[in-house]
file upload_0.cif (mmCIF, C-alpha atoms and all ligand atoms)
data_upload
loop_
_atom_site.label_atom_id
_atom_site.label_comp_id
_atom_site.auth_asym_id
_atom_site.auth_seq_id
_atom_site.Cartn_x
_atom_site.Cartn_y
_atom_site.Cartn_z
CA MET A 1 106.94 39.32 92.84
CA SER A 2 106.61 42.34 90.49
CA THR A 3 109.22 42.83 87.83
CA ALA A 4 110.96 46.08 86.98
CA PRO A 5 108.69 46.82 83.94
CA ASP A 6 105.63 46.20 86.15
CA ARG A 7 106.92 48.65 88.75
CA ALA A 8 107.60 51.26 86.05
CA ARG A 9 104.01 50.82 84.72
CA MET A 10 102.56 51.17 88.24
CA SER A 11 104.58 54.30 88.88
CA GLU A 12 103.39 55.78 85.53
CA ASN A 13 99.77 54.99 86.49
CA GLU A 14 100.25 56.63 89.88
CA THR A 15 101.72 59.75 88.25
CA ALA A 16 98.85 59.94 85.75
CA PHE A 17 96.34 59.53 88.60
CA ALA A 18 98.04 62.28 90.64
CA ILE A 19 97.96 64.66 87.67
CA LEU A 20 94.27 63.88 87.04
CA LYS A 21 93.52 64.53 90.72
CA GLU A 22 95.40 67.84 90.62
CA PHE A 23 93.63 68.80 87.37
CA LEU A 24 90.19 68.16 88.92
CA GLN A 25 91.23 70.13 92.01
CA THR A 26 92.33 73.02 89.76
CA LEU A 27 88.96 72.94 87.95
CA LYS A 28 87.19 73.06 91.32
CA ILE A 29 89.18 76.10 92.48
CA MET A 30 88.70 77.81 89.11
CA SER A 31 84.92 77.23 89.23
CA TYR A 32 84.83 78.66 92.75
CA ALA A 33 86.83 81.74 91.63
CA ILE A 34 84.45 82.29 88.69
CA PHE A 35 81.42 81.92 90.97
CA LEU A 36 82.98 84.33 93.49
CA SER A 37 83.69 86.92 90.83
CA ILE A 38 80.08 86.73 89.51
CA TRP A 39 78.86 87.04 93.11
CA ARG A 40 81.12 90.07 93.68
CA PHE A 41 79.78 91.61 90.45
CA LEU A 42 76.18 91.21 91.61
CA ILE A 43 76.63 91.91 95.32
CA SER A 44 79.37 94.33 96.23
CA PRO A 45 81.71 92.79 98.83
CA PRO A 46 82.32 94.67 102.11
CA ARG A 47 84.95 97.41 102.05
CA LYS A 48 88.06 96.97 104.16
CA SER A 49 89.00 99.53 106.78
CA VAL A 50 92.00 101.76 106.06
CA GLU A 51 91.81 103.74 109.29
CA GLY A 52 95.32 104.41 110.60
CA GLU A 53 96.86 102.85 107.49
CA ILE A 54 99.81 104.71 105.96
CA VAL A 55 98.88 105.44 102.34
CA LEU A 56 101.48 106.79 99.90
CA VAL A 57 100.19 108.38 96.70
CA THR A 58 102.58 109.46 93.93
CA GLY A 59 101.52 112.37 91.72
CA ALA A 60 99.30 113.56 94.58
CA GLY A 61 99.51 117.20 93.51
CA SER A 62 96.61 117.15 91.09
CA GLY A 63 93.96 115.18 89.21
CA ILE A 64 93.34 111.56 90.13
CA GLY A 65 96.17 111.41 92.71
CA GLN A 66 94.81 114.42 94.60
CA ARG A 67 91.29 113.02 94.75
CA ILE A 68 92.45 109.53 95.76
CA SER A 69 94.43 111.13 98.61
CA MET A 70 91.36 113.08 99.73
CA GLU A 71 89.23 109.93 99.71
CA PHE A 72 91.76 108.01 101.83
CA ALA A 73 91.94 110.97 104.23
CA LYS A 74 88.15 110.88 104.68
CA LEU A 75 88.51 107.23 105.72
CA GLY A 76 91.03 108.06 108.46
CA ALA A 77 94.22 107.00 106.70
CA ILE A 78 97.59 108.70 107.24
CA LEU A 79 98.62 110.32 103.98
CA VAL A 80 102.09 110.49 102.43
CA LEU A 81 101.94 112.70 99.34
CA TRP A 82 104.65 112.53 96.70
CA ASP A 83 104.83 114.92 93.79
CA ILE A 84 107.53 116.61 91.73
CA ASP A 85 105.62 119.87 92.17
CA GLU A 86 105.92 121.07 95.77
CA GLU A 87 103.33 123.82 95.43
CA LYS A 88 100.63 121.51 94.12
CA ASN A 89 101.47 118.94 96.74
CA LYS A 90 101.05 121.53 99.49
CA LYS A 91 97.73 122.55 97.96
CA THR A 92 96.59 118.92 98.18
CA MET A 93 97.67 118.85 101.83
CA GLU A 94 95.66 122.02 102.55
CA LEU A 95 92.62 120.60 100.76
CA ILE A 96 92.88 117.40 102.78
CA ARG A 97 93.22 119.29 106.07
CA GLY A 98 90.27 121.51 105.08
CA HIS A 99 88.05 118.52 104.38
CA SER A 100 89.19 116.01 106.98
CA GLU A 101 90.00 117.52 110.35
CA GLY A 102 92.91 116.10 112.34
CA VAL A 103 94.16 113.93 109.51
CA LYS A 104 97.91 113.29 109.42
CA CYS A 105 99.39 114.31 106.11
CA TYR A 106 103.06 114.36 105.03
CA PRO A 107 104.00 115.96 101.69
CA TYR A 108 107.35 115.16 100.06
CA ARG A 109 108.83 116.49 96.87
CA CYS A 110 110.00 113.47 94.86
CA ASP A 111 110.68 112.87 91.20
CA VAL A 112 109.52 109.27 90.92
CA GLY A 113 111.37 108.90 87.62
CA ASN A 114 114.64 109.22 89.51
CA ARG A 115 115.60 106.00 91.26
CA GLU A 116 118.03 107.52 93.79
CA GLU A 117 115.49 110.14 94.76
CA VAL A 118 112.80 107.50 95.24
CA TYR A 119 115.09 105.42 97.47
CA GLN A 120 116.16 108.45 99.53
CA THR A 121 112.61 109.75 99.97
CA ALA A 122 111.33 106.28 100.85
CA LYS A 123 113.92 106.10 103.64
CA ARG A 124 112.79 109.47 104.96
CA VAL A 125 109.15 108.33 104.90
CA LYS A 126 110.01 105.18 106.85
CA GLY A 127 111.79 107.29 109.48
CA ASP A 128 109.28 110.16 109.65
CA VAL A 129 105.98 108.33 109.24
CA GLY A 130 106.43 104.53 109.40
CA ASP A 131 105.69 101.51 107.20
CA VAL A 132 103.61 102.20 104.12
CA GLY A 133 100.60 99.87 103.99
CA ILE A 134 99.04 101.06 100.72
CA LEU A 135 101.12 102.32 97.82
CA VAL A 136 99.35 104.09 94.95
CA ASN A 137 101.60 104.48 91.90
CA ASN A 138 99.75 107.25 90.11
CA ALA A 139 102.21 109.90 88.80
CA GLY A 140 102.16 110.11 85.02
CA VAL A 141 103.26 112.28 82.09
CA VAL A 142 102.36 112.49 78.39
CA SER A 143 104.40 113.73 75.44
CA GLY A 144 101.63 113.15 72.88
CA LYS A 145 103.45 113.03 69.54
CA LYS A 146 104.27 110.43 66.92
CA LEU A 147 107.36 108.43 67.78
CA ILE A 148 109.53 110.06 65.12
CA HIS A 149 108.64 113.54 66.41
CA THR A 150 109.33 112.80 70.05
CA PRO A 151 112.76 113.79 71.35
CA ASP A 152 114.69 110.92 72.92
CA HIS A 153 114.85 112.45 76.35
CA LEU A 154 111.06 112.83 76.50
CA ILE A 155 110.60 109.17 75.54
CA GLN A 156 113.06 108.24 78.27
CA HIS A 157 111.33 110.55 80.74
CA THR A 158 107.86 109.08 80.03
CA ILE A 159 109.16 105.55 80.51
CA ASN A 160 110.99 106.58 83.71
CA VAL A 161 108.00 108.31 85.31
CA ASN A 162 105.16 106.11 84.06
CA LEU A 163 106.84 102.71 84.29
CA MET A 164 110.27 102.51 85.92
CA ALA A 165 109.00 104.41 88.97
CA HIS A 166 106.80 101.38 89.77
CA PHE A 167 109.89 99.18 90.03
CA TRP A 168 111.63 101.57 92.43
CA THR A 169 108.67 102.33 94.70
CA VAL A 170 107.55 98.69 94.91
CA LYS A 171 111.11 97.58 95.73
CA CYS A 172 111.09 100.09 98.60
CA PHE A 173 107.77 99.18 100.19
CA LEU A 174 106.85 95.60 99.19
CA PRO A 175 109.39 93.78 101.41
CA THR A 176 107.81 95.15 104.62
CA MET A 177 104.33 94.35 103.31
CA LEU A 178 105.42 90.76 102.61
CA ARG A 179 107.05 90.45 106.03
CA LYS A 180 103.86 91.62 107.72
CA ASN A 181 101.67 89.78 105.19
CA HIS A 182 99.67 92.97 105.00
CA GLY A 183 99.60 95.60 102.28
CA HIS A 184 98.24 96.76 98.95
CA ILE A 185 99.90 98.00 95.77
CA VAL A 186 97.74 100.03 93.39
CA ASN A 187 99.09 100.75 89.93
CA ILE A 188 97.38 103.33 87.74
CA SER A 189 97.76 102.25 84.13
CA SER A 190 95.31 103.28 81.40
CA SER A 191 92.98 101.89 78.75
CA THR A 192 95.88 102.70 76.40
CA GLY A 193 97.85 100.08 78.33
CA LEU A 194 95.41 97.50 76.96
CA VAL A 195 94.64 98.93 73.52
CA GLY A 196 97.24 101.35 72.14
CA LEU A 197 96.47 104.77 70.67
CA ASN A 198 98.13 106.81 67.92
CA LYS A 199 100.67 109.42 69.04
CA LEU A 200 101.10 107.76 72.40
CA THR A 201 103.91 105.36 71.54
CA ASP A 202 105.93 106.13 74.67
CA TYR A 203 102.89 106.63 76.91
CA SER A 204 101.07 103.46 75.71
CA THR A 205 104.29 101.46 75.97
CA SER A 206 104.76 102.60 79.56
CA LYS A 207 101.14 101.78 80.40
CA PHE A 208 101.34 98.33 78.72
CA GLY A 209 104.45 97.89 80.85
CA VAL A 210 102.48 98.71 84.01
CA VAL A 211 99.91 96.06 83.04
CA GLY A 212 102.65 93.43 82.63
CA PHE A 213 104.45 94.60 85.75
CA THR A 214 101.30 94.29 87.87
CA GLU A 215 100.40 90.90 86.40
CA VAL A 216 103.77 89.36 87.22
CA LEU A 217 103.97 91.08 90.61
CA THR A 218 100.55 89.61 91.45
CA TYR A 219 101.81 86.11 90.51
CA GLU A 220 104.93 86.57 92.62
CA ILE A 221 102.90 87.64 95.65
CA PHE A 222 100.25 84.94 95.12
CA PHE A 223 102.69 82.08 94.66
CA SER A 224 104.71 83.17 97.68
CA GLY A 225 101.58 82.54 99.77
CA ASN A 226 101.20 86.14 100.97
CA SER A 227 97.42 86.23 100.90
CA GLY A 228 97.39 89.48 102.91
CA VAL A 229 99.17 91.52 100.24
CA HIS A 230 96.94 92.70 97.40
CA THR A 231 97.39 94.38 94.03
CA THR A 232 94.97 96.49 92.01
CA LEU A 233 95.55 97.49 88.40
CA VAL A 234 93.53 100.53 87.29
CA CYS A 235 92.85 101.20 83.59
CA PRO A 236 90.68 104.27 83.03
CA SER A 237 89.86 105.74 79.64
CA PHE A 238 89.90 109.51 79.12
CA VAL A 239 89.42 111.40 82.43
CA LYS A 240 88.84 115.17 82.53
CA THR A 241 91.94 116.07 84.54
CA GLY A 242 93.90 118.19 82.09
CA LEU A 243 96.41 115.47 81.22
CA PHE A 244 95.00 115.29 77.69
CA PRO A 245 93.93 118.88 76.91
CA GLY A 246 92.22 119.32 73.55
CA CYS A 247 91.67 115.59 72.95
CA LYS A 248 88.27 114.46 71.79
CA MET A 249 86.44 111.17 71.39
CA ARG A 250 84.65 110.62 68.07
CA PHE A 251 81.63 109.06 69.79
CA PRO A 252 81.53 110.60 73.28
CA TRP A 253 78.11 109.01 73.86
CA LEU A 254 79.78 105.58 73.54
CA ILE A 255 82.81 106.24 75.74
CA PRO A 256 82.14 109.61 77.42
CA PRO A 257 85.02 111.57 78.94
CA LEU A 258 85.07 110.56 82.60
CA GLU A 259 84.48 113.05 85.42
CA ILE A 260 87.23 112.85 88.06
CA GLN A 261 85.11 112.28 91.17
CA PRO A 262 83.01 109.28 89.98
CA THR A 263 86.16 107.78 88.46
CA VAL A 264 88.01 108.09 91.75
CA GLU A 265 85.03 106.66 93.64
CA ARG A 266 85.11 103.66 91.31
CA ILE A 267 88.87 103.29 91.87
CA MET A 268 88.37 103.49 95.65
CA GLN A 269 85.67 100.82 95.47
CA GLY A 270 88.15 98.56 93.65
CA ILE A 271 90.93 99.21 96.17
CA LEU A 272 88.76 98.81 99.26
CA THR A 273 87.34 95.49 98.00
CA ASN A 274 90.76 94.17 96.89
CA GLN A 275 89.68 94.01 93.25
CA HIS A 276 92.50 92.88 90.95
CA VAL A 277 91.62 94.91 87.83
CA VAL A 278 89.48 98.02 87.52
CA CYS A 279 88.66 99.10 83.95
CA ILE A 280 86.63 102.31 83.64
CA PRO A 281 84.28 102.15 81.82
CA ARG A 282 83.65 98.41 81.57
CA LEU A 283 83.32 98.76 77.78
CA ILE A 284 87.14 98.70 77.71
CA TYR A 285 86.93 94.92 78.35
CA PHE A 286 84.93 94.60 75.11
CA PHE A 287 87.68 96.35 73.10
CA VAL A 288 90.28 94.06 74.69
CA PHE A 289 88.12 91.07 73.75
CA LEU A 290 87.73 92.32 70.16
CA LYS A 291 91.49 92.83 69.90
CA SER A 292 92.13 89.28 71.03
CA ILE A 293 89.75 87.62 68.57
CA LEU A 294 89.80 89.81 65.44
CA PRO A 295 92.45 89.67 62.69
CA VAL A 296 94.83 92.63 63.01
CA GLU A 297 93.50 94.40 59.89
CA ALA A 298 89.92 94.07 61.13
CA PHE A 299 90.88 95.58 64.49
CA HIS A 300 92.60 98.48 62.67
CA GLU A 301 89.16 99.29 61.28
CA VAL A 302 87.68 99.25 64.80
CA ILE A 303 90.39 101.71 65.87
CA ARG A 304 89.79 103.90 62.81
CA PHE A 305 85.98 103.93 62.99
CA SER A 306 85.83 104.45 66.78
CA GLY A 307 88.03 107.55 66.41
CA ALA A 308 90.76 106.10 68.61
CA ALA A 309 93.22 106.76 65.77
CA THR A 310 92.52 110.50 65.82
CA PHE A 311 91.92 111.01 69.57
CA MET A 312 95.28 112.76 70.05
CA ASP A 313 95.12 114.96 66.93
CA ASN A 314 94.11 118.10 68.84
CA PHE A 315 96.29 117.45 71.88
CA LYS A 316 97.40 120.79 73.30
CA GLY A 317 99.82 119.62 75.97
CA GLY A 318 102.86 121.71 76.79
CA ARG A 319 105.16 119.01 75.56
CA SER A 320 103.39 119.09 72.25
CA ARG A 321 104.24 122.77 71.91
CA GLU A 322 107.81 122.11 72.85
CA ILE A 323 108.15 119.45 70.21
CA GLN A 324 106.48 121.68 67.63
CA ASN A 325 108.95 124.47 68.43
CA GLU A 326 111.73 122.04 68.04
CA ALA A 327 110.44 120.84 64.67
CA ASN A 328 110.22 124.50 63.55
CA GLY A 329 113.77 125.10 64.75
CA SER A 330 112.59 128.00 66.90
CA SER A 331 113.78 126.57 70.13
CA SER A 332 117.21 128.09 70.47
CA THR A 333 117.83 131.40 68.88
CA ASN A 334 120.31 132.91 71.28
CA GLY A 335 121.79 129.72 72.59
CA THR A 336 119.03 129.37 75.14
CA ALA A 337 116.43 126.70 74.76
CA GLU A 338 113.40 127.85 76.71
CA THR A 339 110.69 125.32 76.44
CA ASN A 340 107.50 124.26 78.08
CA CYS A 341 107.47 120.62 79.02
CA ASN A 342 104.24 119.13 80.29
CA HIS A 343 104.57 116.77 83.21
CA GLY A 344 100.90 116.26 83.41
CA ASN A 345 99.87 119.72 84.50
CA ASN A 346 103.31 120.41 85.87
CA SER A 347 105.71 122.15 83.55
CA LEU A 348 109.45 122.00 83.59
CA LEU A 349 111.69 123.75 81.18
CA GLU A 350 113.82 121.12 79.59
CA PRO A 351 116.52 121.18 76.97
CA ILE A 352 115.79 120.75 73.33
CA GLN A 353 118.22 118.94 71.16
CA LYS A 354 117.89 119.01 67.44
CA GLN A 355 119.36 115.57 66.98
CA SER A 356 116.82 113.83 69.14
CA SER A 357 113.82 114.48 66.93
CA LEU A 358 113.49 113.47 63.30
CA ASN A 359 111.86 114.97 60.29
CA GLU A 360 109.24 112.52 59.03
CA ASN A 361 110.65 112.58 55.48
CA SER A 362 114.23 112.30 56.57
CA ASP A 363 116.10 109.04 56.65
CA ASP A 364 118.61 110.47 59.13
CA ILE A 365 119.82 108.22 61.88
CA PRO A 366 119.39 110.02 65.20
CA GLU A 367 122.52 111.08 67.01
CA ILE A 368 123.08 109.91 70.55
CA ASP A 369 120.96 112.04 72.82
CA THR A 370 123.43 113.54 75.26
CA HIS A 371 120.70 115.06 77.39
CA ASN A 372 121.42 114.49 81.02
CA SER A 373 118.12 114.35 82.83
CA SER A 374 119.61 113.18 86.07
CA CYS A 375 118.13 114.73 89.12
CA VAL A 376 120.24 115.44 92.16
CA ASN A 377 118.50 116.26 95.42
CA GLY A 378 115.28 116.83 93.55
CA HIS A 379 116.79 119.26 91.03
CA PHE A 380 117.46 118.60 87.41
CA ASP A 381 121.09 118.89 86.49
CA LEU A 382 121.13 122.27 84.84
CA SER A 383 124.69 122.10 83.71
CA SER A 384 125.38 122.83 80.07
CA VAL A 385 124.74 120.16 77.51
CA SER A 386 126.89 119.94 74.43
CA ASP A 387 125.23 119.70 71.05
CA GLU A 388 126.67 118.34 67.82
CA ALA A 389 128.58 121.51 66.97
CA GLY A 390 130.13 121.64 70.41
CA GLU A 391 127.98 124.62 71.37
CA THR A 392 126.44 124.73 74.79
CA LYS A 393 122.87 125.44 75.56
CA LEU A 394 121.67 126.76 78.84
CA LEU A 395 118.90 124.76 80.29
CA LYS A 396 116.18 126.50 82.16
CA ARG A 397 113.43 125.14 84.25
CA SER A 398 110.34 126.28 86.04
CA ARG A 399 108.12 124.18 88.19
CA HIS A 400 105.22 126.51 88.47
CA ASP A 401 103.80 126.86 85.02
CA ASP A 402 100.17 126.28 85.68
CA ASN A 403 99.04 127.13 82.19
CA LEU A 404 96.99 123.99 81.99
CA SER A 405 95.35 124.25 85.36
CA GLY A 406 92.33 125.88 83.76
CA ALA A 407 91.61 122.54 82.17
CA GLN A 408 91.28 120.94 85.61
CA GLU A 409 87.89 119.51 86.34
N1 LIG B 1 93.60 111.81 82.70
C1 LIG B 1 93.37 110.75 81.95
O1 LIG B 1 92.65 110.79 80.95
C2 LIG B 1 94.01 109.43 82.32
C3 LIG B 1 93.53 108.27 81.70
C4 LIG B 1 94.10 107.06 82.03
C5 LIG B 1 95.13 107.00 82.95
N2 LIG B 1 95.58 108.14 83.54
C6 LIG B 1 96.70 108.04 84.46
O2 LIG B 1 96.29 108.52 85.74
C7 LIG B 1 97.43 109.03 86.41
C8 LIG B 1 97.11 110.42 86.94
O3 LIG B 1 96.84 111.25 85.84
P1 LIG B 1 96.03 112.63 85.97
O4 LIG B 1 95.09 112.64 84.85
O5 LIG B 1 95.55 112.80 87.34
O6 LIG B 1 97.20 113.64 85.61
P2 LIG B 1 97.64 115.00 86.32
O7 LIG B 1 98.57 115.65 85.38
O8 LIG B 1 96.45 115.75 86.79
O9 LIG B 1 98.45 114.48 87.61
C9 LIG B 1 99.70 113.90 87.49
C10 LIG B 1 100.52 114.30 88.69
O10 LIG B 1 101.79 113.64 88.60
C11 LIG B 1 102.79 114.57 88.96
N3 LIG B 1 104.07 114.19 88.37
C12 LIG B 1 104.46 114.29 87.08
N4 LIG B 1 105.71 113.87 86.94
C13 LIG B 1 106.12 113.46 88.15
C14 LIG B 1 107.33 112.93 88.63
N5 LIG B 1 108.38 112.73 87.84
N6 LIG B 1 107.42 112.63 89.95
C15 LIG B 1 106.38 112.84 90.78
N7 LIG B 1 105.22 113.35 90.37
C16 LIG B 1 105.08 113.66 89.07
C17 LIG B 1 102.30 115.91 88.44
O11 LIG B 1 102.94 116.99 89.07
C18 LIG B 1 100.82 115.81 88.73
O12 LIG B 1 100.52 116.32 90.00
C19 LIG B 1 98.58 109.02 85.41
O13 LIG B 1 99.39 107.88 85.62
C20 LIG B 1 97.87 108.91 84.08
O14 LIG B 1 98.67 108.30 83.12
C21 LIG B 1 95.03 109.36 83.26
#
call {"tool": "encode", "arguments": {"input": "upload_0.cif", "output": "structure tokens", "more": "lines below"}}
Ligand SMILES: NC(=O)c1ccc[n+]([C@@H]2O[C@H](COP(=O)([O-])OP(=O)(O)OC[C@H]3O[C@@H](n4cnc5c(N)ncnc54)[C@H](O)[C@@H]3O)[C@@H](O)[C@H]2O)c1
result
Amino acid sequence: MSTAPDRARMSENETAFAILKEFLQTLKIMSYAIFLSIWRFLISPPRKSVEGEIVLVTGAGSGIGQRISMEFAKLGAILVLWDIDEEKNKKTMELIRGHSEGVKCYPYRCDVGNREEVYQTAKRVKGDVGDVGILVNNAGVVSGKKLIHTPDHLIQHTINVNLMAHFWTVKCFLPTMLRKNHGHIVNISSSTGLVGLNKLTDYSTSKFGVVGFTEVLTYEIFFSGNSGVHTTLVCPSFVKTGLFPGCKMRFPWLIPPLEIQPTVERIMQGILTNQHVVCIPRLIYFFVFLKSILPVEAFHEVIRFSGAATFMDNFKGGRSREIQNEANGSSSTNGTAETNCNHGNNSLLEPIQKQSSLNENSDDIPEIDTHNSSCVNGHFDLSSVSDEAGETKLLKRSRHDDNLSGAQE
């Protein structure tokens, strides 16, 4: 008869054996996944059909979002276009209808940085069109200044549009995808979400956030056993869309500015083959690798020499001008702050508040930014905002400043 210590030893041996078995099984699955990924690299896997699929693209009014929408339309998908700029969104719809006859296309004005608006518009989409099968989180904005020169509300806005929007849209559409075990979430991040760049503190932070968000979301979907729901993270470097006007690479022959169409074709290839991560160009992976193995100071030199540190120096975005005006104190002469705020190519006139940007040499602590950027029924709250002295500033806005559209393509 076995004694208690014998039984304990046997049970320990059994546990160790079970762990070893599981470990070997894990190695087997890992080896298969590595083999599969090499195979997919060498021989492109077949593309899935998206005919009749409802595809929602945010920021569909221009650039990458517009072209992605057009590509899906060519493949027979039903398009739901979201953009803060109604005019541009309609233009995308017309382009789609011009290129792909009979395609169903539903444009909605939606500020994706506004949670309530996202939830309301999502409900309308469900009622008007049906269940979204592919969600492309693409809308993005850039402020393009050093942290200490960026007004608080622009930092908040960048994080809201570039990152928080992903939380709201995914919460709206993922549950149905999980229930049907069918769907795809595509998140457009950036190479600056893997390796940060100067003067993009808020932008890079939001894009790093999208990388983390997608990684964890992928785990959650994978470990819930929903093999029919896919995610794709897209990290392009500089694309010639007009989002980064004036910016230049130091060695364009090494990482050339990307043309929109081939970039979008590469993104589509990734989506249609359920690829997890799409970095464009592939050289980005090498920079990520360098960052992970080099000492921090050594990587600083890579950033300096490659010109990544000075990429944003000639940025001519509307927001940049706004911030410059603010720094010069020229923003509100007669109590009216008329500014040009770049939401990608879309411009809104937003309030300027002295206290939310700092002089580089000042050791001032910023005052609380009282800017109310809440958006009700798709319109920014244009009520007066009090400044430190109790004055009020009228806030103006315009959605149709296309001053950057010349930089398109
Ligand atoms: N252009 C690049 O070099 C580059 C590089 C890497 C990643 N990206 C990312 O690709 C995405 C698309 O960028 P793009 O270059 O096509 O820019 P773009 O400015 O051409 O398009 C962005 C679109 O988003 C819309 N938009 C802005 N704020 C919005 C809001 N609050 N709600 C809804 N729509 C809003 C704009 O109206 C515009 O139509 C962005 O997420 C961007 O960060 C761009």
call {"tool": "closest_residue", "arguments": {"input": "upload_0.cif", "among": "A:Asp313, A:Asp85, A:Glu259, A:Glu51", "to": "ligand LIG 1 (chain B)", "atoms": "all atoms listed in the file"}}
result
A:Asp85
call {"tool": "closest_atom_pairs", "arguments": {"input": "upload_0.cif", "of": "chain A", "to": "ligand LIG 1 (chain B)", "cutoff": "6 Å", "atoms": "all atoms listed in the file", "output": "tab-separated table"}}
result
residue	atom	partner	partner_atom	distance
A:Thr58	CA	B:LIG1	N7	5.9
A:Gly59	CA	B:LIG1	O10	3.4
A:Ala60	CA	B:LIG1	O12	5.5
A:Gly61	CA	B:LIG1	O12	3.8
A:Ser62	CA	B:LIG1	O12	4.1
A:Gly63	CA	B:LIG1	O5	3.4
A:Ile64	CA	B:LIG1	O5	3.8
A:Gly65	CA	B:LIG1	O5	5.6
A:Asp83	CA	B:LIG1	N7	3.8
A:Ile84	CA	B:LIG1	C15	4.1
A:Asp85	CA	B:LIG1	O11	5.0
A:Cys110	CA	B:LIG1	C15	5.5
A:Asp111	CA	B:LIG1	N6	3.5
A:Val112	CA	B:LIG1	N6	4.1
A:Gly113	CA	B:LIG1	N5	4.9
A:Asn138	CA	B:LIG1	O13	4.5
A:Ala139	CA	B:LIG1	O10	3.8
A:Gly140	CA	B:LIG1	O13	3.6
A:Val141	CA	B:LIG1	C12	5.5
A:Val161	CA	B:LIG1	N5	5.1
A:Ile188	CA	B:LIG1	O13	5.4
A:Ser189	CA	B:LIG1	C5	5.6
A:Ser190	CA	B:LIG1	C4	4.0
A:Pro236	CA	B:LIG1	C4	4.5
A:Ser237	CA	B:LIG1	C3	4.9
A:Phe238	CA	B:LIG1	O1	3.5
A:Val239	CA	B:LIG1	O1	3.6
A:Lys240	CA	B:LIG1	N1	5.8
A:Thr241	CA	B:LIG1	O4	4.7
A:Gly242	CA	B:LIG1	O8	5.9
A:Leu243	CA	B:LIG1	O7	4.7
A:His343	CA	B:LIG1	C12	4.6
A:Gly344	CA	B:LIG1	O7	3.1
A:Asn345	CA	B:LIG1	O7	4.4
A:Asn346	CA	B:LIG1	O11	4.7
call {"tool": "residues_around", "arguments": {"input": "upload_0.cif", "residues": "Ser69 (chain A)", "least_positions_apart": "6", "cutoff": "10 Å", "atoms": "only C-alpha atoms", "output": "ChimeraX atom specification"}}
result
/A:55-62,77-81,92-93,95-96,105,136,264
call {"tool": "closest_residue", "arguments": {"input": "upload_0.cif", "among": "A:Leu283, A:Phe17, A:Lys291, A:Ile260", "to": "Arg67 (chain A)", "atoms": "all atoms listed in the file"}}
result
A:Ile260
call {"tool": "closest_residue", "arguments": {"input": "upload_0.cif", "among": "A:Leu174, A:Thr192, A:Ile43, A:Ile267", "to": "Ile221 (chain A)", "atoms": "all atoms listed in the file"}}
result
A:Leu174
call {"tool": "closest_residue", "arguments": {"input": "upload_0.cif", "among": "A:Cys172, A:Val142, A:Met249, A:Leu258", "to": "Tyr203 (chain A)", "atoms": "all atoms listed in the file"}}
result
A:Val142
call {"tool": "residues_around", "arguments": {"input": "upload_0.cif", "residues": "Val103 (chain A)", "least_positions_apart": "4", "cutoff": "7 Å", "atoms": "all atoms listed in the file", "output": "mmCIF file with C-alpha atoms, in the coordinates of the input"}}
result
data_model
loop_
_atom_site.group_PDB
_atom_site.id
_atom_site.type_symbol
_atom_site.label_atom_id
_atom_site.label_comp_id
_atom_site.auth_asym_id
_atom_site.auth_seq_id
_atom_site.Cartn_x
_atom_site.Cartn_y
_atom_site.Cartn_z
ATOM 1 C CA ALA A 73 91.940 110.970 104.230
ATOM 2 C CA GLY A 76 91.030 108.060 108.460
ATOM 3 C CA ILE A 78 97.590 108.700 107.240
ATOM 4 C CA ARG A 97 93.220 119.290 106.070
#
call {"tool": "residues_near_point", "arguments": {"input": "upload_0.cif", "point": "(98.5, 94.1, 100.4)", "cutoff": "12 Å", "atoms": "all atoms listed in the file", "output": "PyMOL selection string"}}
result
chain A and resi 48+50+53+55+132-136+170+173-186+217-218+221-222+225-232+271-276
call {"tool": "atom_distance", "arguments": {"input": "upload_0.cif", "atom1": "CA of Pro256 (chain A)", "atom2": "CA of His157 (chain A)"}}
result
29.4 Å
call {"tool": "atom_distance", "arguments": {"input": "upload_0.cif", "atom1": "CA of Trp168 (chain A)", "atom2": "CA of Arg124 (chain A)"}}
result
14.9 Å
call {"tool": "atom_distance", "arguments": {"input": "upload_0.cif", "atom1": "CA of Lys207 (chain A)", "atom2": "CA of Glu297 (chain A)"}}
result
23.1 Å
call {"tool": "residues_around", "arguments": {"input": "upload_0.cif", "residues": "Thr205 (chain A)", "least_positions_apart": "2", "cutoff": "12 Å", "atoms": "all atoms listed in the file", "output": "VMD selection string"}}
result
chain A and resid 142 147 155 to 156 158 to 160 162 to 164 189 to 203 207 to 213
call {"tool": "closest_residue", "arguments": {"input": "upload_0.cif", "among": "A:Asn137, A:Ser44, A:Gln66, A:Thr169", "to": "Lys123 (chain A)", "atoms": "all atoms listed in the file"}}
result
A:Thr169
